[in-house]
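K.L.:
Data file structure_26.cif (mmCIF, N, CA and C atoms) is appended below.
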data_upload
loop_
_atom_site.group_PDB
_atom_site.id
_atom_site.type_symbol
_atom_site.label_atom_id
_atom_site.label_comp_id
_atom_site.auth_asym_id
_atom_site.auth_seq_id
_atom_site.Cartn_x
_atom_site.Cartn_y
_atom_site.Cartn_z
ATOM 1 N N MET A 1 2.254 -16.614 -4.706
ATOM 2 C CA MET A 1 0.947 -16.531 -4.074
ATOM 3 C C MET A 1 0.682 -17.781 -3.217
ATOM 4 N N TRP A 2 0.961 -18.948 -3.791
ATOM 5 C CA TRP A 2 0.701 -20.189 -3.043
ATOM 6 C C TRP A 2 1.636 -20.306 -1.840
ATOM 7 N N GLU A 3 2.858 -19.810 -2.000
ATOM 8 C CA GLU A 3 3.811 -19.858 -0.891
ATOM 9 C C GLU A 3 3.320 -18.988 0.272
ATOM 10 N N LEU A 4 2.745 -17.844 -0.044
ATOM 11 C CA LEU A 4 2.194 -16.975 0.995
ATOM 12 C C LEU A 4 1.050 -17.674 1.730
ATOM 13 N N LEU A 5 0.174 -18.316 0.986
ATOM 14 C CA LEU A 5 -0.940 -19.032 1.615
ATOM 15 C C LEU A 5 -0.438 -20.185 2.486
ATOM 16 N N LYS A 6 0.593 -20.879 2.025
ATOM 17 C CA LYS A 6 1.180 -21.963 2.829
ATOM 18 C C LYS A 6 1.781 -21.410 4.109
ATOM 19 N N ASP A 7 2.451 -20.270 4.020
ATOM 20 C CA ASP A 7 3.047 -19.654 5.208
ATOM 21 C C ASP A 7 1.977 -19.217 6.203
ATOM 22 N N ILE A 8 0.912 -18.625 5.707
ATOM 23 C CA ILE A 8 -0.177 -18.191 6.592
ATOM 24 C C ILE A 8 -0.827 -19.398 7.260
ATOM 25 N N TRP A 9 -1.063 -20.459 6.482
ATOM 26 C CA TRP A 9 -1.674 -21.671 7.053
ATOM 27 C C TRP A 9 -0.740 -22.285 8.102
ATOM 28 N N GLY A 10 0.563 -22.336 7.810
ATOM 29 C CA GLY A 10 1.521 -22.872 8.771
ATOM 30 C C GLY A 10 1.554 -22.057 10.057
ATOM 31 N N PHE A 11 1.461 -20.740 9.930
ATOM 32 C CA PHE A 11 1.424 -19.868 11.103
ATOM 33 C C PHE A 11 0.194 -20.157 11.957
ATOM 34 N N MET A 12 -0.972 -20.246 11.304
ATOM 35 C CA MET A 12 -2.208 -20.486 12.049
ATOM 36 C C MET A 12 -2.200 -21.880 12.687
ATOM 37 N N LYS A 13 -1.664 -22.856 11.972
ATOM 38 C CA LYS A 13 -1.637 -24.226 12.481
ATOM 39 C C LYS A 13 -0.690 -24.359 13.666
ATOM 40 N N GLU A 14 0.475 -23.727 13.569
ATOM 41 C CA GLU A 14 1.478 -23.842 14.624
ATOM 42 C C GLU A 14 1.059 -23.123 15.894
ATOM 43 N N ARG A 15 0.438 -21.962 15.753
ATOM 44 C CA ARG A 15 0.084 -21.149 16.920
ATOM 45 C C ARG A 15 -1.386 -21.271 17.326
ATOM 46 N N LYS A 16 -2.107 -22.193 16.688
ATOM 47 C CA LYS A 16 -3.521 -22.455 17.020
ATOM 48 C C LYS A 16 -4.380 -21.197 16.912
ATOM 49 N N LYS A 17 -4.200 -20.469 15.831
ATOM 50 C CA LYS A 17 -4.962 -19.239 15.612
ATOM 51 C C LYS A 17 -5.893 -19.413 14.414
ATOM 52 N N PHE A 18 -6.740 -20.426 14.490
ATOM 53 C CA PHE A 18 -7.652 -20.706 13.390
ATOM 54 C C PHE A 18 -8.772 -19.679 13.283
ATOM 55 N N TRP A 19 -8.941 -18.862 14.301
ATOM 56 C CA TRP A 19 -9.962 -17.811 14.239
ATOM 57 C C TRP A 19 -9.597 -16.747 13.206
ATOM 58 N N MET A 20 -8.333 -16.729 12.765
ATOM 59 C CA MET A 20 -7.909 -15.750 11.770
ATOM 60 C C MET A 20 -8.312 -16.154 10.349
ATOM 61 N N ALA A 21 -8.636 -17.416 10.126
ATOM 62 C CA ALA A 21 -8.969 -17.904 8.789
ATOM 63 C C ALA A 21 -10.161 -17.159 8.171
ATOM 64 N N PRO A 22 -11.274 -16.963 8.869
ATOM 65 C CA PRO A 22 -12.383 -16.212 8.258
ATOM 66 C C PRO A 22 -12.012 -14.778 7.889
ATOM 67 N N ILE A 23 -11.144 -14.177 8.676
ATOM 68 C CA ILE A 23 -10.709 -12.808 8.377
ATOM 69 C C ILE A 23 -9.955 -12.776 7.059
ATOM 70 N N PHE A 24 -9.016 -13.711 6.875
ATOM 71 C CA PHE A 24 -8.245 -13.766 5.639
ATOM 72 C C PHE A 24 -9.124 -14.087 4.441
ATOM 73 N N ILE A 25 -10.098 -14.969 4.624
ATOM 74 C CA ILE A 25 -10.989 -15.333 3.519
ATOM 75 C C ILE A 25 -11.833 -14.136 3.089
ATOM 76 N N VAL A 26 -12.385 -13.399 4.049
ATOM 77 C CA VAL A 26 -13.198 -12.225 3.724
ATOM 78 C C VAL A 26 -12.355 -11.149 3.040
ATOM 79 N N LEU A 27 -11.146 -10.918 3.528
ATOM 80 C CA LEU A 27 -10.273 -9.934 2.896
ATOM 81 C C LEU A 27 -9.904 -10.344 1.476
ATOM 82 N N LEU A 28 -9.650 -11.623 1.269
ATOM 83 C CA LEU A 28 -9.335 -12.111 -0.068
ATOM 84 C C LEU A 28 -10.524 -11.944 -1.011
ATOM 85 N N LEU A 29 -11.716 -12.277 -0.548
ATOM 86 C CA LEU A 29 -12.912 -12.130 -1.386
ATOM 87 C C LEU A 29 -13.198 -10.661 -1.710
ATOM 88 N N LEU A 30 -13.039 -9.771 -0.745
ATOM 89 C CA LEU A 30 -13.243 -8.347 -1.008
ATOM 90 C C LEU A 30 -12.219 -7.823 -2.003
ATOM 91 N N GLY A 31 -10.989 -8.266 -1.866
ATOM 92 C CA GLY A 31 -9.956 -7.859 -2.812
ATOM 93 C C GLY A 31 -10.253 -8.333 -4.218
ATOM 94 N N LEU A 32 -10.684 -9.582 -4.345
ATOM 95 C CA LEU A 32 -11.038 -10.111 -5.666
ATOM 96 C C LEU A 32 -12.237 -9.371 -6.249
ATOM 97 N N LEU A 33 -13.210 -9.050 -5.420
ATOM 98 C CA LEU A 33 -14.384 -8.319 -5.893
ATOM 99 C C LEU A 33 -13.994 -6.951 -6.436
ATOM 100 N N VAL A 34 -13.124 -6.253 -5.736
ATOM 101 C CA VAL A 34 -12.696 -4.932 -6.186
ATOM 102 C C VAL A 34 -11.897 -5.029 -7.484
ATOM 103 N N VAL A 35 -11.026 -6.023 -7.584
ATOM 104 C CA VAL A 35 -10.199 -6.175 -8.786
ATOM 105 C C VAL A 35 -11.040 -6.529 -10.003
ATOM 106 N N PHE A 36 -11.948 -7.492 -9.856
ATOM 107 C CA PHE A 36 -12.725 -7.943 -11.009
ATOM 108 C C PHE A 36 -13.847 -6.989 -11.405
ATOM 109 N N ALA A 37 -14.346 -6.209 -10.469
ATOM 110 C CA ALA A 37 -15.457 -5.315 -10.769
ATOM 111 C C ALA A 37 -14.993 -3.894 -11.056
ATOM 112 N N GLN A 38 -13.715 -3.686 -11.164
ATOM 113 C CA GLN A 38 -13.188 -2.331 -11.324
ATOM 114 C C GLN A 38 -13.684 -1.672 -12.609
ATOM 115 N N GLY A 39 -13.742 -2.405 -13.695
ATOM 116 C CA GLY A 39 -14.150 -1.806 -14.960
ATOM 117 C C GLY A 39 -15.561 -2.148 -15.364
ATOM 118 N N SER A 40 -16.349 -2.654 -14.456
ATOM 119 C CA SER A 40 -17.700 -3.084 -14.832
ATOM 120 C C SER A 40 -18.760 -2.104 -14.334
ATOM 121 N N ALA A 41 -19.993 -2.443 -14.602
ATOM 122 C CA ALA A 41 -21.113 -1.599 -14.183
ATOM 123 C C ALA A 41 -21.393 -1.728 -12.692
ATOM 124 N N ILE A 42 -20.766 -2.683 -12.031
ATOM 125 C CA ILE A 42 -20.987 -2.890 -10.600
ATOM 126 C C ILE A 42 -20.142 -1.929 -9.769
ATOM 127 N N ALA A 43 -19.111 -1.360 -10.361
ATOM 128 C CA ALA A 43 -18.144 -0.536 -9.632
ATOM 129 C C ALA A 43 -18.783 0.572 -8.780
ATOM 130 N N PRO A 44 -19.771 1.352 -9.288
ATOM 131 C CA PRO A 44 -20.329 2.391 -8.418
ATOM 132 C C PRO A 44 -21.005 1.837 -7.165
ATOM 133 N N PHE A 45 -21.542 0.638 -7.233
ATOM 134 C CA PHE A 45 -22.184 0.047 -6.059
ATOM 135 C C PHE A 45 -21.162 -0.449 -5.055
ATOM 136 N N ILE A 46 -20.009 -0.903 -5.527
ATOM 137 C CA ILE A 46 -18.959 -1.353 -4.616
ATOM 138 C C ILE A 46 -18.393 -0.175 -3.844
ATOM 139 N N TYR A 47 -18.204 0.951 -4.498
ATOM 140 C CA TYR A 47 -17.629 2.108 -3.822
ATOM 141 C C TYR A 47 -18.561 2.663 -2.747
ATOM 142 N N THR A 48 -19.859 2.428 -2.861
ATOM 143 C CA THR A 48 -20.767 2.877 -1.800
ATOM 144 C C THR A 48 -20.629 2.012 -0.549
ATOM 145 N N LEU A 49 -20.106 0.792 -0.675
ATOM 146 C CA LEU A 49 -19.905 -0.055 0.494
ATOM 147 C C LEU A 49 -18.779 0.456 1.359
ATOM 148 N N PHE A 50 -17.842 1.135 0.768
ATOM 149 C CA PHE A 50 -16.682 1.616 1.515
ATOM 150 C C PHE A 50 -16.822 3.095 1.723
#
Here is a file; write its structure as C-alpha cells.
P.N.:
Amino acid sequence: MWELLKDIWGFMKERKKFWMAPIFIVLLLLGLLVVFAQGSAIAPFIYTLF
C-alpha cells in the first residue's frame, strides 16, 4: 500500500500533476467510507449517494 502511494506521489512530482492529489484523496476517503460502513446502520444512507 505504501509503495503504491510513493509511486503515485513520484508520478505527480515528476510530471507536475499536483491537481490529481485531491482526486486521489477523495477516492481514498470514499473507499474507506464504503468499507467501514458496510455493516453498520449508515450503509443505507451511503447507497443513496451513489
K.L.:
Tell me which protein, DNA and RNA residues are within 12 Å of segment 6-10 of chain A, counting only C-alpha atoms, leaving out same-chain ones fewer than 4 positions away, and put them as a ChimeraX atom specification.
P.N.:
/A:1-2,14-21,23-25
K.L.:
So that I can check the secondary structure, give me every residue of chain A assigned alpha helix (DSSP H) by backbone DSSP, as a ChimeraX atom specification.
P.N.:
/A:2-15,21-36,43-49
K.L.:
State, in Å with one decimal place, the distance from atom N of Phe36 of chain A to atom C of Pro22 of chain A.
P.N.:
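Pair atom N of Phe36 of chain A / atom C of Pro22 of chain A returns 19.2 Å.
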K.L.:
By how many Å are atom CA of Lys13 of chain A and atom CA of Leu33 of chain A apart?
P.N.:
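Answer for the atom CA of Lys13 of chain A to atom CA of Leu33 of chain A separation: 27.4 Å.
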K.L.:
Would you give the centre and edge lengths, in Å to one decimal, of a box along x, y and z around the listed atoms of segment 23-29 of chain A, with 8 Å added to each side, as JSON?
P.N.:
{"center_x": -10.7, "center_y": -12.6, "center_z": 3.5, "size_x": 21.0, "size_y": 21.4, "size_z": 26.4}
K.L.:
Quick one: pull the distance between atom C of Gln38 of chain A and atom N of Val26 of chain A, Å, one decimal.
P.N.:
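Spanning atom C of Gln38 of chain A to atom N of Val26 of chain A is a straight-line distance of 20.4 Å.
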